[in-house]
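Colleague: Structure provided below as structure tokens; questions to follow.
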Amino acid sequence: MFASVGADGSVRMFDLRHLEHSTIIYEDPQHHPLLRLCWNKQDPNYLATMAMDGMEVVILDVRVPCTPVARLNNHRACVNGIAWAPHSSCHICTAGVWTGRDGRNRKADDHQALIWDIQQMPRAIEDPILAYTAEGEINNVQWASTQPDWIAICYNNCLEILRV
């Protein structure tokens, strides 16, 4: 099994044995293109996705198609990266970028890496458990698979290694 996201705003699951068929497990309500997909490393029933120019990450349970089990939405600007903890099924890191100006012509920036504990799903998850503000737009985030106490973020021409 594998999944993909696309410009049509859908998350599709495929079975390698039957590639001519796919199952749509989620569609963005406004049909915004979905940019990234990230599987939970400890519990393959959960995955996370985000829409282009979206300020939230949607957590999906593949056993319950079409209905997000959580929405992580404390970023003040577009989310650009997602990384699940390699050692825990209930921790995920999301990263935000600078997007220019918001609807009121104010500068909208985020530059944050947020770590969330989603253990209380399906109840709403209000706030992250940890937050880090970088000096620039975070382009990528990676949780170290062999050293789960470390997260790497990239921004501008820098790489920072963060201890969590």
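Please note that chains go A, B, ... in the order of the structure tokens, that every chain numbers its residues from 1, and that ligands are numbered from 1 in the order shown.
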Excluding Asp117 (chain A) and its own-chain neighbours fewer than 3 positions away, which residues fall within 9 Å of it when counting only C-alpha atoms? Please give them as a ChimeraX atom specification.
Modeller: /A:90-92,120,125,127-129
Colleague: I'd like the contact shell of region 33-40 of chain A - 6 Å cut-off, only C-alpha atoms, skipping same-chain residues fewer than 5 positions apart - returned as a ChimeraX atom specification.
Modeller: /A:5-9,46-52,84
Colleague: For each of A:Glu160, A:Pro44, A:Val57, A:Leu130, take the minimum atom-to-atom distance to Thr94 (chain A), counting only C-alpha atoms, then give the residue where this is smallest.
Modeller: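 When distances to Thr94 (chain A) are compared using only C-alpha atoms, the smallest one comes from A:Val57.
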Colleague: Find the distance between CA of Arg12 (chain A) and CA of Ile153 (chain A) and write it in Å to one decimal.
Modeller: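 A separation of 28.0 Å between them.
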Colleague: Of the candidates A:Gln119, A:Gln30, A:Ser88, A:Gln112, which shows the shortest atom-to-atom distance to Tyr132 (chain A), using only C-alpha atoms?
Modeller: A:Gln112
Colleague: Can you list, as a list in words, every protein, DNA or RNA residue that comes within 10 Å of Pro29 (chain A) when you count only C-alpha atoms, leaving out same-chain residues fewer than 2 positions away?
Modeller: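 In the requested form, the answer reads Gly9, Ser10, Tyr26, Glu27, His31 and His32 of chain A.
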Colleague: Using only C-alpha atoms, which residue out of A:Pro68, A:Gly54, A:Gly96, A:Pro86 lies closest to Ala124 (chain A)?
Modeller: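 Among the listed residues, A:Pro68 lies closest to Ala124 (chain A).
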Colleague: In terms of the shortest atom-to-atom distance over only C-alpha atoms, which of A:Leu114, A:Asp28, A:Pro65, A:Thr146 is closest to Val164 (chain A)?
Modeller: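 Of all the options, A:Leu114 lies closest to Val164 (chain A).
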Colleague: Find the residues around Ser145 (chain A) up to 10 Å (only C-alpha atoms counted), leave out those fewer than 4 positions away in its own chain, and share them as a count of residues only.
Modeller: 8
Colleague: Based on the backbone DSSP call, show me all residues of region 37-142 of chain A assigned strand (DSSP E), as an mmCIF file with all heavy atoms, in the first residue's frame.
Modeller:
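Listed below is the output, selection_24.cif:
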```
data_model
loop_
_atom_site.group_PDB
_atom_site.id
_atom_site.type_symbol
_atom_site.label_atom_id
_atom_site.label_comp_id
_atom_site.auth_asym_id
_atom_site.auth_seq_id
_atom_site.Cartn_x
_atom_site.Cartn_y
_atom_site.Cartn_z
ATOM 1 N N LEU A 37 2.567 14.612 2.088
ATOM 2 C CA LEU A 37 1.933 13.506 2.799
ATOM 3 C C LEU A 37 3.022 12.863 3.637
ATOM 4 O O LEU A 37 4.145 12.684 3.158
ATOM 5 C CB LEU A 37 1.394 12.505 1.773
ATOM 6 C CG LEU A 37 0.933 11.170 2.285
ATOM 7 C CD1 LEU A 37 -0.443 11.304 2.906
ATOM 8 C CD2 LEU A 37 0.893 10.177 1.147
ATOM 9 N N CYS A 38 2.700 12.526 4.878
ATOM 10 C CA CYS A 38 3.707 11.914 5.747
ATOM 11 C C CYS A 38 3.036 10.837 6.593
ATOM 12 O O CYS A 38 2.061 11.114 7.294
ATOM 13 C CB CYS A 38 4.329 12.989 6.629
ATOM 14 S SG CYS A 38 5.779 12.452 7.533
ATOM 15 N N TRP A 39 3.546 9.607 6.507
ATOM 16 C CA TRP A 39 3.008 8.479 7.270
ATOM 17 C C TRP A 39 3.562 8.494 8.684
ATOM 18 O O TRP A 39 4.739 8.791 8.907
ATOM 19 C CB TRP A 39 3.406 7.152 6.638
ATOM 20 C CG TRP A 39 2.667 6.824 5.398
ATOM 21 C CD1 TRP A 39 3.076 7.063 4.121
ATOM 22 C CD2 TRP A 39 1.381 6.203 5.291
ATOM 23 N NE1 TRP A 39 2.129 6.618 3.237
ATOM 24 C CE2 TRP A 39 1.080 6.082 3.930
ATOM 25 C CE3 TRP A 39 0.469 5.721 6.228
ATOM 26 C CZ2 TRP A 39 -0.096 5.510 3.472
ATOM 27 C CZ3 TRP A 39 -0.715 5.156 5.776
ATOM 28 C CH2 TRP A 39 -0.979 5.054 4.413
ATOM 29 N N TYR A 46 -2.238 6.100 10.547
ATOM 30 C CA TYR A 46 -2.324 7.556 10.553
ATOM 31 C C TYR A 46 -1.354 8.176 9.564
ATOM 32 O O TYR A 46 -0.220 7.728 9.410
ATOM 33 C CB TYR A 46 -2.036 8.112 11.949
ATOM 34 C CG TYR A 46 -3.104 7.730 12.942
ATOM 35 C CD1 TYR A 46 -2.873 6.728 13.866
ATOM 36 C CD2 TYR A 46 -4.343 8.358 12.934
ATOM 37 C CE1 TYR A 46 -3.855 6.360 14.778
ATOM 38 C CE2 TYR A 46 -5.332 7.994 13.837
ATOM 39 C CZ TYR A 46 -5.077 7.000 14.748
ATOM 40 O OH TYR A 46 -6.062 6.643 15.636
ATOM 41 N N LEU A 47 -1.826 9.221 8.909
ATOM 42 C CA LEU A 47 -0.968 10.014 8.043
ATOM 43 C C LEU A 47 -1.361 11.480 8.181
ATOM 44 O O LEU A 47 -2.443 11.802 8.667
ATOM 45 C CB LEU A 47 -1.018 9.543 6.591
ATOM 46 C CG LEU A 47 -2.353 9.478 5.872
ATOM 47 C CD1 LEU A 47 -2.669 10.797 5.199
ATOM 48 C CD2 LEU A 47 -2.284 8.387 4.831
ATOM 49 N N ALA A 48 -0.461 12.342 7.768
ATOM 50 C CA ALA A 48 -0.687 13.781 7.844
ATOM 51 C C ALA A 48 -0.520 14.371 6.462
ATOM 52 O O ALA A 48 0.295 13.905 5.661
ATOM 53 C CB ALA A 48 0.302 14.416 8.810
ATOM 54 N N THR A 49 -1.298 15.410 6.172
ATOM 55 C CA THR A 49 -1.194 16.102 4.892
ATOM 56 C C THR A 49 -1.452 17.584 5.106
ATOM 57 O O THR A 49 -1.931 17.996 6.169
ATOM 58 C CB THR A 49 -2.165 15.518 3.842
ATOM 59 O OG1 THR A 49 -1.878 16.102 2.574
ATOM 60 C CG2 THR A 49 -3.617 15.758 4.211
ATOM 61 N N MET A 50 -1.115 18.377 4.096
ATOM 62 C CA MET A 50 -1.347 19.823 4.157
ATOM 63 C C MET A 50 -1.627 20.345 2.766
ATOM 64 O O MET A 50 -1.146 19.817 1.771
ATOM 65 C CB MET A 50 -0.144 20.529 4.750
ATOM 66 C CG MET A 50 1.092 20.363 3.940
ATOM 67 S SD MET A 50 2.485 21.040 4.802
ATOM 68 C CE MET A 50 3.691 20.984 3.518
ATOM 69 N N ALA A 51 -2.428 21.393 2.719
ATOM 70 C CA ALA A 51 -2.815 22.013 1.455
ATOM 71 C C ALA A 51 -1.851 23.150 1.114
ATOM 72 O O ALA A 51 -1.230 23.754 1.991
ATOM 73 C CB ALA A 51 -4.237 22.559 1.546
ATOM 74 N N VAL A 57 -2.356 21.415 9.424
ATOM 75 C CA VAL A 57 -2.020 20.053 9.034
ATOM 76 C C VAL A 57 -3.212 19.189 9.411
ATOM 77 O O VAL A 57 -3.767 19.313 10.503
ATOM 78 C CB VAL A 57 -0.743 19.567 9.749
ATOM 79 C CG1 VAL A 57 -0.511 18.081 9.524
ATOM 80 C CG2 VAL A 57 0.462 20.372 9.265
ATOM 81 N N VAL A 58 -3.621 18.334 8.491
ATOM 82 C CA VAL A 58 -4.762 17.450 8.697
ATOM 83 C C VAL A 58 -4.231 16.052 8.995
ATOM 84 O O VAL A 58 -3.408 15.528 8.246
ATOM 85 C CB VAL A 58 -5.667 17.427 7.443
ATOM 86 C CG1 VAL A 58 -6.800 16.444 7.615
ATOM 87 C CG2 VAL A 58 -6.191 18.819 7.146
ATOM 88 N N ILE A 59 -4.699 15.473 10.101
ATOM 89 C CA ILE A 59 -4.335 14.110 10.468
ATOM 90 C C ILE A 59 -5.485 13.198 10.056
ATOM 91 O O ILE A 59 -6.649 13.453 10.390
ATOM 92 C CB ILE A 59 -4.089 13.967 11.990
ATOM 93 C CG1 ILE A 59 -3.086 15.010 12.493
ATOM 94 C CG2 ILE A 59 -3.648 12.543 12.335
ATOM 95 C CD1 ILE A 59 -1.687 14.867 11.955
ATOM 96 N N LEU A 60 -5.149 12.140 9.318
ATOM 97 C CA LEU A 60 -6.150 11.198 8.813
ATOM 98 C C LEU A 60 -5.914 9.811 9.378
ATOM 99 O O LEU A 60 -4.768 9.405 9.595
ATOM 100 C CB LEU A 60 -6.071 11.127 7.284
ATOM 101 C CG LEU A 60 -6.221 12.434 6.526
ATOM 102 C CD1 LEU A 60 -5.878 12.230 5.061
ATOM 103 C CD2 LEU A 60 -7.622 12.974 6.698
ATOM 104 N N ASP A 61 -6.995 9.093 9.586
ATOM 105 C CA ASP A 61 -6.956 7.681 9.943
ATOM 106 C C ASP A 61 -7.457 6.930 8.713
ATOM 107 O O ASP A 61 -8.605 7.115 8.302
ATOM 108 C CB ASP A 61 -7.855 7.421 11.152
ATOM 109 C CG ASP A 61 -7.796 5.978 11.641
ATOM 110 O OD1 ASP A 61 -7.443 5.076 10.845
ATOM 111 O OD2 ASP A 61 -8.130 5.750 12.814
ATOM 112 N N ALA A 70 -7.934 14.909 13.284
ATOM 113 C CA ALA A 70 -7.405 16.099 13.965
ATOM 114 C C ALA A 70 -6.985 17.135 12.931
ATOM 115 O O ALA A 70 -6.657 16.801 11.790
ATOM 116 C CB ALA A 70 -6.217 15.736 14.848
ATOM 117 N N ARG A 71 -7.013 18.380 13.364
ATOM 118 C CA ARG A 71 -6.506 19.502 12.575
ATOM 119 C C ARG A 71 -5.572 20.295 13.467
ATOM 120 O O ARG A 71 -5.974 20.757 14.532
ATOM 121 C CB ARG A 71 -7.647 20.387 12.080
ATOM 122 C CG ARG A 71 -8.542 19.703 11.068
ATOM 123 C CD ARG A 71 -9.657 20.646 10.614
ATOM 124 N NE ARG A 71 -10.556 19.997 9.686
ATOM 125 C CZ ARG A 71 -10.362 19.895 8.379
ATOM 126 N NH1 ARG A 71 -9.272 20.421 7.844
ATOM 127 N NH2 ARG A 71 -11.229 19.281 7.607
ATOM 128 N N LEU A 72 -4.329 20.419 13.038
ATOM 129 C CA LEU A 72 -3.325 21.164 13.794
ATOM 130 C C LEU A 72 -3.197 22.532 13.144
ATOM 131 O O LEU A 72 -2.714 22.645 12.023
ATOM 132 C CB LEU A 72 -1.992 20.412 13.773
ATOM 133 C CG LEU A 72 -2.067 18.930 14.146
ATOM 134 C CD1 LEU A 72 -0.705 18.275 14.014
ATOM 135 C CD2 LEU A 72 -2.642 18.745 15.537
ATOM 136 N N VAL A 79 2.059 26.254 6.226
ATOM 137 C CA VAL A 79 2.850 25.117 6.700
ATOM 138 C C VAL A 79 3.619 24.568 5.507
ATOM 139 O O VAL A 79 3.090 24.444 4.408
ATOM 140 C CB VAL A 79 1.928 24.032 7.305
ATOM 141 C CG1 VAL A 79 2.739 22.830 7.735
ATOM 142 C CG2 VAL A 79 1.133 24.598 8.473
ATOM 143 N N ASN A 80 4.887 24.234 5.739
ATOM 144 C CA ASN A 80 5.729 23.767 4.650
ATOM 145 C C ASN A 80 6.359 22.404 4.918
ATOM 146 O O ASN A 80 6.915 21.808 4.013
ATOM 147 C CB ASN A 80 6.840 24.789 4.376
ATOM 148 C CG ASN A 80 7.530 24.538 3.066
ATOM 149 O OD1 ASN A 80 6.903 24.207 2.078
ATOM 150 N ND2 ASN A 80 8.841 24.667 3.057
ATOM 151 N N GLY A 81 6.294 21.938 6.151
ATOM 152 C CA GLY A 81 6.941 20.667 6.446
ATOM 153 C C GLY A 81 6.227 19.897 7.537
ATOM 154 O O GLY A 81 5.586 20.484 8.416
ATOM 155 N N ILE A 82 6.347 18.559 7.457
ATOM 156 C CA ILE A 82 5.740 17.648 8.429
ATOM 157 C C ILE A 82 6.735 16.520 8.683
ATOM 158 O O ILE A 82 7.327 15.997 7.736
ATOM 159 C CB ILE A 82 4.456 16.994 7.881
ATOM 160 C CG1 ILE A 82 3.486 17.996 7.287
ATOM 161 C CG2 ILE A 82 3.769 16.173 8.962
ATOM 162 C CD1 ILE A 82 2.376 17.338 6.472
ATOM 163 N N ALA A 83 6.902 16.148 9.964
ATOM 164 C CA ALA A 83 7.736 14.989 10.290
ATOM 165 C C ALA A 83 7.161 14.305 11.525
ATOM 166 O O ALA A 83 7.002 14.945 12.567
ATOM 167 C CB ALA A 83 9.179 15.415 10.543
ATOM 168 N N TRP A 84 6.839 13.013 11.404
ATOM 169 C CA TRP A 84 6.382 12.234 12.548
ATOM 170 C C TRP A 84 7.589 11.800 13.356
ATOM 171 O O TRP A 84 8.665 11.536 12.806
ATOM 172 C CB TRP A 84 5.641 10.988 12.089
ATOM 173 C CG TRP A 84 4.280 11.222 11.543
ATOM 174 C CD1 TRP A 84 3.954 11.387 10.229
ATOM 175 C CD2 TRP A 84 3.055 11.317 12.274
ATOM 176 N NE1 TRP A 84 2.596 11.570 10.113
ATOM 177 C CE2 TRP A 84 2.017 11.536 11.341
ATOM 178 C CE3 TRP A 84 2.728 11.234 13.630
ATOM 179 C CZ2 TRP A 84 0.689 11.667 11.723
ATOM 180 C CZ3 TRP A 84 1.397 11.364 14.007
ATOM 181 C CH2 TRP A 84 0.398 11.583 13.069
ATOM 182 N N HIS A 91 3.440 11.835 18.354
ATOM 183 C CA HIS A 91 4.157 13.109 18.250
ATOM 184 C C HIS A 91 4.497 13.416 16.790
ATOM 185 O O HIS A 91 4.955 12.548 16.053
ATOM 186 C CB HIS A 91 5.430 13.086 19.091
ATOM 187 C CG HIS A 91 5.131 13.046 20.556
ATOM 188 N ND1 HIS A 91 5.064 11.872 21.250
ATOM 189 C CD2 HIS A 91 4.834 14.033 21.436
ATOM 190 C CE1 HIS A 91 4.755 12.135 22.509
ATOM 191 N NE2 HIS A 91 4.609 13.443 22.646
ATOM 192 N N ILE A 92 4.259 14.672 16.430
ATOM 193 C CA ILE A 92 4.502 15.131 15.063
ATOM 194 C C ILE A 92 5.039 16.559 15.123
ATOM 195 O O ILE A 92 4.666 17.338 16.003
ATOM 196 C CB ILE A 92 3.210 15.044 14.209
ATOM 197 C CG1 ILE A 92 3.497 15.351 12.739
ATOM 198 C CG2 ILE A 92 2.102 15.897 14.784
ATOM 199 C CD1 ILE A 92 2.317 15.056 11.814
ATOM 200 N N CYS A 93 5.929 16.886 14.193
ATOM 201 C CA CYS A 93 6.481 18.231 14.096
ATOM 202 C C CYS A 93 5.993 18.861 12.795
ATOM 203 O O CYS A 93 6.018 18.225 11.741
ATOM 204 C CB CYS A 93 8.008 18.184 14.106
ATOM 205 S SG CYS A 93 8.792 19.812 14.040
ATOM 206 N N THR A 94 5.530 20.101 12.876
ATOM 207 C CA THR A 94 5.101 20.848 11.691
ATOM 208 C C THR A 94 5.946 22.112 11.595
ATOM 209 O O THR A 94 6.392 22.638 12.617
ATOM 210 C CB THR A 94 3.604 21.209 11.765
ATOM 211 O OG1 THR A 94 3.356 22.032 12.921
ATOM 212 C CG2 THR A 94 2.752 19.958 11.842
ATOM 213 N N ALA A 95 6.171 22.592 10.390
ATOM 214 C CA ALA A 95 7.028 23.760 10.195
ATOM 215 C C ALA A 95 6.353 24.769 9.283
ATOM 216 O O ALA A 95 5.714 24.395 8.302
ATOM 217 C CB ALA A 95 8.370 23.332 9.601
ATOM 218 N N GLY A 96 6.501 26.048 9.614
ATOM 219 C CA GLY A 96 5.860 27.110 8.857
ATOM 220 C C GLY A 96 6.850 28.051 8.196
ATOM 221 O O GLY A 96 8.032 28.094 8.538
ATOM 222 N N GLN A 112 8.132 28.936 12.437
ATOM 223 C CA GLN A 112 8.075 28.087 13.611
ATOM 224 C C GLN A 112 8.094 26.605 13.284
ATOM 225 O O GLN A 112 7.504 26.167 12.293
ATOM 226 C CB GLN A 112 6.807 28.370 14.418
ATOM 227 C CG GLN A 112 6.822 29.705 15.100
ATOM 228 C CD GLN A 112 5.695 29.806 16.105
ATOM 229 O OE1 GLN A 112 4.599 29.317 15.869
ATOM 230 N NE2 GLN A 112 5.970 30.435 17.233
ATOM 231 N N ALA A 113 8.771 25.862 14.149
ATOM 232 C CA ALA A 113 8.670 24.403 14.178
ATOM 233 C C ALA A 113 7.882 24.079 15.447
ATOM 234 O O ALA A 113 8.273 24.489 16.543
ATOM 235 C CB ALA A 113 10.043 23.761 14.215
ATOM 236 N N LEU A 114 6.750 23.416 15.285
ATOM 237 C CA LEU A 114 5.872 23.093 16.405
ATOM 238 C C LEU A 114 5.793 21.584 16.580
ATOM 239 O O LEU A 114 5.633 20.857 15.600
ATOM 240 C CB LEU A 114 4.461 23.640 16.166
ATOM 241 C CG LEU A 114 4.328 25.134 15.871
ATOM 242 C CD1 LEU A 114 2.871 25.486 15.574
ATOM 243 C CD2 LEU A 114 4.857 25.963 17.030
ATOM 244 N N ILE A 115 5.906 21.125 17.811
ATOM 245 C CA ILE A 115 5.755 19.704 18.110
ATOM 246 C C ILE A 115 4.423 19.525 18.824
ATOM 247 O O ILE A 115 4.112 20.240 19.776
ATOM 248 C CB ILE A 115 6.918 19.171 18.963
ATOM 249 C CG1 ILE A 115 8.218 19.268 18.158
ATOM 250 C CG2 ILE A 115 6.651 17.726 19.388
ATOM 251 C CD1 ILE A 115 9.445 18.810 18.902
ATOM 252 N N TRP A 116 3.670 18.566 18.327
ATOM 253 C CA TRP A 116 2.317 18.300 18.815
ATOM 254 C C TRP A 116 2.239 16.924 19.444
ATOM 255 O O TRP A 116 2.868 15.986 18.963
ATOM 256 C CB TRP A 116 1.328 18.333 17.649
ATOM 257 C CG TRP A 116 1.359 19.587 16.842
ATOM 258 C CD1 TRP A 116 2.233 19.892 15.842
ATOM 259 C CD2 TRP A 116 0.474 20.698 16.953
ATOM 260 N NE1 TRP A 116 1.925 21.126 15.319
ATOM 261 C CE2 TRP A 116 0.852 21.640 15.979
ATOM 262 C CE3 TRP A 116 -0.627 20.965 17.772
ATOM 263 C CZ2 TRP A 116 0.188 22.842 15.808
ATOM 264 C CZ3 TRP A 116 -1.292 22.167 17.609
ATOM 265 C CH2 TRP A 116 -0.881 23.094 16.634
ATOM 266 N N ASP A 117 1.421 16.801 20.483
ATOM 267 C CA ASP A 117 1.081 15.514 21.065
ATOM 268 C C ASP A 117 -0.376 15.243 20.678
ATOM 269 O O ASP A 117 -1.274 15.954 21.120
ATOM 270 C CB ASP A 117 1.224 15.554 22.583
ATOM 271 C CG ASP A 117 0.956 14.210 23.242
ATOM 272 O OD1 ASP A 117 0.405 13.301 22.575
ATOM 273 O OD2 ASP A 117 1.279 14.071 24.434
ATOM 274 N N LEU A 130 5.638 21.947 22.206
ATOM 275 C CA LEU A 130 6.905 22.663 22.083
ATOM 276 C C LEU A 130 6.863 23.542 20.842
ATOM 277 O O LEU A 130 6.219 23.192 19.848
ATOM 278 C CB LEU A 130 8.086 21.694 21.951
ATOM 279 C CG LEU A 130 8.498 20.896 23.181
ATOM 280 C CD1 LEU A 130 9.553 19.865 22.804
ATOM 281 C CD2 LEU A 130 9.018 21.803 24.274
ATOM 282 N N ALA A 131 7.568 24.674 20.910
ATOM 283 C CA ALA A 131 7.647 25.577 19.752
ATOM 284 C C ALA A 131 9.055 26.143 19.663
ATOM 285 O O ALA A 131 9.681 26.449 20.683
ATOM 286 C CB ALA A 131 6.632 26.707 19.887
ATOM 287 N N TYR A 132 9.543 26.274 18.435
ATOM 288 C CA TYR A 132 10.842 26.897 18.176
ATOM 289 C C TYR A 132 10.665 27.873 17.027
ATOM 290 O O TYR A 132 10.049 27.546 16.014
ATOM 291 C CB TYR A 132 11.891 25.842 17.797
ATOM 292 C CG TYR A 132 13.212 26.452 17.427
ATOM 293 C CD1 TYR A 132 14.078 26.918 18.417
ATOM 294 C CD2 TYR A 132 13.598 26.598 16.099
ATOM 295 C CE1 TYR A 132 15.288 27.493 18.083
ATOM 296 C CE2 TYR A 132 14.807 27.173 15.763
ATOM 297 C CZ TYR A 132 15.644 27.627 16.756
ATOM 298 O OH TYR A 132 16.833 28.211 16.427
ATOM 299 N N THR A 133 11.192 29.075 17.187
ATOM 300 C CA THR A 133 11.129 30.079 16.129
ATOM 301 C C THR A 133 12.511 30.221 15.500
ATOM 302 O O THR A 133 13.486 30.545 16.192
ATOM 303 C CB THR A 133 10.643 31.437 16.678
ATOM 304 O OG1 THR A 133 9.370 31.262 17.290
ATOM 305 C CG2 THR A 133 10.525 32.457 15.556
ATOM 306 N N ILE A 138 11.204 28.179 7.319
ATOM 307 C CA ILE A 138 11.642 26.791 7.432
ATOM 308 C C ILE A 138 11.208 26.061 6.166
ATOM 309 O O ILE A 138 10.023 25.965 5.869
ATOM 310 C CB ILE A 138 11.070 26.126 8.699
ATOM 311 C CG1 ILE A 138 11.540 26.882 9.938
ATOM 312 C CG2 ILE A 138 11.488 24.656 8.760
ATOM 313 C CD1 ILE A 138 10.937 26.394 11.238
ATOM 314 N N ASN A 139 12.190 25.575 5.422
ATOM 315 C CA ASN A 139 11.930 24.904 4.152
ATOM 316 C C ASN A 139 11.695 23.409 4.310
ATOM 317 O O ASN A 139 11.009 22.800 3.500
ATOM 318 C CB ASN A 139 13.092 25.119 3.186
ATOM 319 C CG ASN A 139 13.283 26.571 2.878
ATOM 320 O OD1 ASN A 139 12.328 27.268 2.596
ATOM 321 N ND2 ASN A 139 14.516 27.050 2.957
ATOM 322 N N ASN A 140 12.317 22.833 5.347
ATOM 323 C CA ASN A 140 12.195 21.390 5.531
ATOM 324 C C ASN A 140 12.428 21.056 6.992
ATOM 325 O O ASN A 140 13.110 21.793 7.703
ATOM 326 C CB ASN A 140 13.203 20.653 4.645
ATOM 327 C CG ASN A 140 12.785 19.231 4.355
ATOM 328 O OD1 ASN A 140 11.779 18.743 4.863
ATOM 329 N ND2 ASN A 140 13.570 18.546 3.542
ATOM 330 N N VAL A 141 11.856 19.954 7.421
ATOM 331 C CA VAL A 141 12.027 19.463 8.786
ATOM 332 C C VAL A 141 12.197 17.954 8.718
ATOM 333 O O VAL A 141 11.549 17.284 7.903
ATOM 334 C CB VAL A 141 10.826 19.866 9.689
ATOM 335 C CG1 VAL A 141 9.523 19.331 9.142
ATOM 336 C CG2 VAL A 141 11.028 19.433 11.117
ATOM 337 N N GLN A 142 13.102 17.417 9.544
ATOM 338 C CA GLN A 142 13.335 15.974 9.569
ATOM 339 C C GLN A 142 13.610 15.552 11.005
ATOM 340 O O GLN A 142 14.423 16.169 11.689
ATOM 341 C CB GLN A 142 14.534 15.608 8.683
ATOM 342 C CG GLN A 142 14.784 14.130 8.568
ATOM 343 C CD GLN A 142 13.676 13.421 7.820
ATOM 344 O OE1 GLN A 142 13.200 13.904 6.810
ATOM 345 N NE2 GLN A 142 13.268 12.278 8.311
#
```
